[in-house]
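Student: One structure, as structure tokens, below. Some questions next.
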Amino acid sequence: MLSRSDLIKGTAVALLTLSIQGAWAQETRMNLFKVVTIKDEIVVGLSAEELQALGGHDASAVAHALAQKGDLTVWQYNVHRGPNGELQQAPTAKIGLLANSSLRVEPYTTPYQIVPHP
């Protein structure tokens, strides 16, 4: 049987772990965008730092950077099962986007946990 002090120590460790994970999740927060063309649509993820490097923090910054540069390298995201069996939005491949006049970039929301890309 656990003693009262062991229970308090265990609770403290659990709270510390959760707060560290929460801080890590904030530091590695991913922004997802749906890129739509005539043929298909894909979901891509960019970190706050990557968005800042593009000159903004929203879909218009991504669209503007793509139009200006002509191409971007990003991580494609898809829904997968995580180690614990729960669904999560995870990076699957690093891909290149090419500018196209029929391209649309819009914010994308998901009910699943978003896994940061490497």
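Labels used: A, B, ... for chains in the order of the structure tokens, numbers from 1 for residues in each chain, and numbers from 1 for ligands as shown.
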Taking 4 positions as the minimum chain separation for residues in the same chain, which residues sit within 6 Å of region 102-109 of chain A when counting only C-alpha atoms? Answer as a CSV table (one decimal) with all heavy atoms, in the first residue's frame.
Tutor:
```csv
chain,number,residue,atom,x,y,z
A,32,LEU,N,-1.7,24.2,-39.2
A,32,LEU,CA,-2.0,23.4,-40.3
A,32,LEU,C,-2.8,24.2,-41.3
A,32,LEU,O,-3.6,25.1,-41.0
A,32,LEU,CB,-2.9,22.2,-39.9
A,32,LEU,CG,-2.3,21.2,-38.9
A,32,LEU,CD1,-3.3,20.1,-38.6
A,32,LEU,CD2,-1.0,20.6,-39.5
A,33,PHE,N,-2.5,23.9,-42.6
A,33,PHE,CA,-3.2,24.6,-43.7
A,33,PHE,C,-3.6,23.6,-44.8
A,33,PHE,O,-2.9,22.6,-45.0
A,33,PHE,CB,-2.2,25.6,-44.4
A,33,PHE,CG,-1.7,26.7,-43.4
A,33,PHE,CD1,-0.5,26.5,-42.8
A,33,PHE,CD2,-2.5,27.8,-43.2
A,33,PHE,CE1,-0.1,27.5,-41.9
A,33,PHE,CE2,-2.1,28.8,-42.3
A,33,PHE,CZ,-0.9,28.6,-41.6
A,34,LYS,N,-4.7,23.8,-45.4
A,34,LYS,CA,-5.2,23.0,-46.5
A,34,LYS,C,-4.8,23.7,-47.8
A,34,LYS,O,-5.1,24.9,-48.0
A,34,LYS,CB,-6.7,22.8,-46.5
A,34,LYS,CG,-7.1,21.8,-47.5
A,34,LYS,CD,-8.6,21.6,-47.7
A,34,LYS,CE,-9.5,21.7,-46.5
A,34,LYS,NZ,-10.9,21.5,-46.8
A,35,VAL,N,-4.1,23.0,-48.6
A,35,VAL,CA,-3.7,23.6,-49.9
A,35,VAL,C,-4.6,22.9,-51.0
A,35,VAL,O,-4.6,21.7,-51.1
A,35,VAL,CB,-2.2,23.3,-50.2
A,35,VAL,CG1,-1.8,23.9,-51.6
A,35,VAL,CG2,-1.3,23.9,-49.1
A,36,VAL,N,-5.4,23.7,-51.7
A,36,VAL,CA,-6.4,23.2,-52.6
A,36,VAL,C,-6.0,23.6,-54.0
A,36,VAL,O,-5.7,24.8,-54.3
A,36,VAL,CB,-7.8,23.8,-52.3
A,36,VAL,CG1,-8.8,23.3,-53.2
A,36,VAL,CG2,-8.1,23.6,-50.8
A,37,THR,N,-6.0,22.6,-54.9
A,37,THR,CA,-5.8,22.9,-56.4
A,37,THR,C,-7.0,22.3,-57.1
A,37,THR,O,-7.9,21.8,-56.5
A,37,THR,CB,-4.5,22.2,-56.9
A,37,THR,OG1,-4.7,20.8,-56.8
A,37,THR,CG2,-3.3,22.6,-56.1
A,59,ALA,N,-2.7,32.0,-43.3
A,59,ALA,CA,-2.7,31.3,-44.7
A,59,ALA,C,-2.3,32.3,-45.8
A,59,ALA,O,-1.7,31.9,-46.7
A,59,ALA,CB,-4.2,30.8,-44.9
A,63,ALA,N,0.4,31.6,-48.8
A,63,ALA,CA,0.0,31.8,-50.2
A,63,ALA,C,0.9,32.9,-50.9
A,63,ALA,O,1.4,32.7,-52.0
A,63,ALA,CB,-1.5,32.2,-50.3
```
Student: Can you list, as number ranges by chain, all residues belonging to region 16-105 of chain A that DSSP tags as strand (DSSP E)?
Tutor: A: 30-36, 41-47, 71-81, 87-98, 104-105
Student: Given the selection you just returned, output its residues as a file containing N, CA, C and O atoms, formatted as a compact mmCIF listing (two decimals), in the first residue's frame.
Tutor:
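Just written: again.txt:
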```txt
# COMPACT_ATOMS: atom_id res chain seq x y z
N MET A 30 2.11 23.58 -33.98
CA MET A 30 2.07 23.52 -35.43
C MET A 30 0.81 24.19 -35.95
O MET A 30 -0.24 24.12 -35.33
N ASN A 31 0.93 24.85 -37.08
CA ASN A 31 -0.19 25.46 -37.76
C ASN A 31 -0.46 24.65 -39.02
O ASN A 31 0.45 24.45 -39.82
N LEU A 32 -1.69 24.18 -39.15
CA LEU A 32 -2.04 23.37 -40.31
C LEU A 32 -2.79 24.21 -41.34
O LEU A 32 -3.58 25.09 -40.99
N PHE A 33 -2.51 23.91 -42.62
CA PHE A 33 -3.17 24.61 -43.73
C PHE A 33 -3.59 23.58 -44.77
O PHE A 33 -2.88 22.61 -45.00
N LYS A 34 -4.73 23.83 -45.38
CA LYS A 34 -5.17 23.00 -46.48
C LYS A 34 -4.79 23.72 -47.77
O LYS A 34 -5.10 24.90 -47.95
N VAL A 35 -4.07 23.03 -48.64
CA VAL A 35 -3.68 23.58 -49.93
C VAL A 35 -4.58 22.91 -50.97
O VAL A 35 -4.57 21.70 -51.12
N VAL A 36 -5.36 23.75 -51.67
CA VAL A 36 -6.36 23.24 -52.61
C VAL A 36 -5.98 23.63 -54.03
O VAL A 36 -5.65 24.78 -54.31
N GLU A 41 -6.42 18.20 -52.81
CA GLU A 41 -6.11 19.05 -51.67
C GLU A 41 -5.29 18.24 -50.68
O GLU A 41 -5.46 17.03 -50.55
N ILE A 42 -4.37 18.94 -50.01
CA ILE A 42 -3.52 18.29 -49.02
C ILE A 42 -3.46 19.19 -47.80
O ILE A 42 -3.72 20.38 -47.87
N VAL A 43 -3.08 18.60 -46.68
CA VAL A 43 -2.88 19.34 -45.44
C VAL A 43 -1.39 19.42 -45.18
O VAL A 43 -0.68 18.40 -45.27
N VAL A 44 -0.91 20.62 -44.89
CA VAL A 44 0.51 20.82 -44.59
C VAL A 44 0.63 21.51 -43.24
O VAL A 44 -0.29 22.19 -42.79
N GLY A 45 1.78 21.32 -42.60
CA GLY A 45 2.01 21.92 -41.30
C GLY A 45 3.27 22.76 -41.29
O GLY A 45 4.28 22.36 -41.85
N LEU A 46 3.16 23.92 -40.65
CA LEU A 46 4.30 24.82 -40.49
C LEU A 46 4.37 25.27 -39.03
O LEU A 46 3.35 25.55 -38.41
N SER A 47 5.57 25.34 -38.50
CA SER A 47 5.76 25.83 -37.14
C SER A 47 5.66 27.35 -37.13
O SER A 47 5.70 28.00 -38.19
N ASP A 71 7.96 28.26 -55.22
CA ASP A 71 7.87 26.93 -54.62
C ASP A 71 8.21 27.00 -53.13
O ASP A 71 8.89 27.92 -52.70
N LEU A 72 7.71 26.05 -52.38
CA LEU A 72 8.00 25.93 -50.95
C LEU A 72 8.17 24.45 -50.61
O LEU A 72 7.52 23.59 -51.20
N THR A 73 9.01 24.18 -49.64
CA THR A 73 9.14 22.83 -49.11
C THR A 73 8.46 22.80 -47.76
O THR A 73 8.76 23.62 -46.89
N VAL A 74 7.51 21.88 -47.59
CA VAL A 74 6.72 21.79 -46.36
C VAL A 74 6.51 20.32 -45.99
O VAL A 74 6.79 19.43 -46.79
N TRP A 75 5.99 20.08 -44.80
CA TRP A 75 5.63 18.73 -44.37
C TRP A 75 4.16 18.50 -44.62
O TRP A 75 3.32 19.29 -44.22
N GLN A 76 3.84 17.38 -45.28
CA GLN A 76 2.46 16.98 -45.48
C GLN A 76 1.99 16.24 -44.24
O GLN A 76 2.73 15.45 -43.65
N TYR A 77 0.75 16.51 -43.81
CA TYR A 77 0.17 15.88 -42.62
C TYR A 77 -1.02 15.02 -42.99
O TYR A 77 -1.80 15.38 -43.88
N ASN A 78 -1.15 13.88 -42.31
CA ASN A 78 -2.29 12.98 -42.47
C ASN A 78 -2.66 12.43 -41.11
O ASN A 78 -1.87 12.49 -40.16
N VAL A 79 -3.83 11.85 -41.00
CA VAL A 79 -4.29 11.25 -39.75
C VAL A 79 -3.74 9.83 -39.65
O VAL A 79 -3.85 9.05 -40.59
N HIS A 80 -3.14 9.54 -38.50
CA HIS A 80 -2.58 8.22 -38.21
C HIS A 80 -2.89 7.86 -36.77
O HIS A 80 -3.22 8.72 -35.96
N ARG A 81 -2.71 6.61 -36.44
CA ARG A 81 -2.84 6.18 -35.04
C ARG A 81 -1.50 6.36 -34.34
O ARG A 81 -0.46 5.97 -34.86
N LEU A 87 -6.09 8.57 -32.54
CA LEU A 87 -5.82 9.23 -33.81
C LEU A 87 -5.11 10.54 -33.58
O LEU A 87 -5.38 11.26 -32.61
N GLN A 88 -4.16 10.86 -34.47
CA GLN A 88 -3.43 12.12 -34.39
C GLN A 88 -3.06 12.58 -35.79
O GLN A 88 -2.95 11.77 -36.71
N GLN A 89 -2.92 13.88 -35.94
CA GLN A 89 -2.50 14.47 -37.21
C GLN A 89 -0.97 14.49 -37.17
O GLN A 89 -0.38 15.15 -36.33
N ALA A 90 -0.34 13.73 -38.07
CA ALA A 90 1.11 13.56 -38.01
C ALA A 90 1.76 13.82 -39.36
O ALA A 90 1.14 13.60 -40.41
N PRO A 91 3.03 14.27 -39.35
CA PRO A 91 3.74 14.48 -40.62
C PRO A 91 4.03 13.15 -41.29
O PRO A 91 4.39 12.18 -40.63
N THR A 92 3.83 13.10 -42.62
CA THR A 92 4.06 11.86 -43.34
C THR A 92 5.17 11.97 -44.38
O THR A 92 5.83 10.99 -44.68
N ALA A 93 5.35 13.17 -44.94
CA ALA A 93 6.39 13.33 -45.97
C ALA A 93 6.72 14.80 -46.15
O ALA A 93 5.86 15.66 -46.01
N LYS A 94 7.97 15.06 -46.46
CA LYS A 94 8.39 16.41 -46.81
C LYS A 94 8.16 16.55 -48.30
O LYS A 94 8.65 15.74 -49.09
N ILE A 95 7.37 17.56 -48.69
CA ILE A 95 6.99 17.71 -50.09
C ILE A 95 7.30 19.11 -50.60
O ILE A 95 7.52 20.03 -49.81
N GLY A 96 7.31 19.26 -51.89
CA GLY A 96 7.49 20.56 -52.52
C GLY A 96 6.17 21.04 -53.10
O GLY A 96 5.46 20.28 -53.74
N LEU A 97 5.84 22.30 -52.84
CA LEU A 97 4.65 22.92 -53.43
C LEU A 97 5.11 23.85 -54.53
O LEU A 97 6.06 24.62 -54.34
N LEU A 98 4.45 23.80 -55.67
CA LEU A 98 4.74 24.70 -56.78
C LEU A 98 3.60 25.70 -56.93
O LEU A 98 2.43 25.33 -56.81
N ARG A 104 -5.21 27.53 -53.71
CA ARG A 104 -5.82 28.24 -52.58
C ARG A 104 -5.24 27.65 -51.30
O ARG A 104 -5.10 26.43 -51.18
N VAL A 105 -4.88 28.51 -50.37
CA VAL A 105 -4.38 28.07 -49.07
C VAL A 105 -5.34 28.59 -48.01
O VAL A 105 -5.68 29.77 -48.00
```
Student: My list of candidates is A:Gly70, A:Asn84, A:Gln113, A:Asn100. Which is closest to Ile38 (chain A) when distances are computed with only C-alpha atoms?
Tutor: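 Smallest distance to Ile38 (chain A) is found for A:Asn100.
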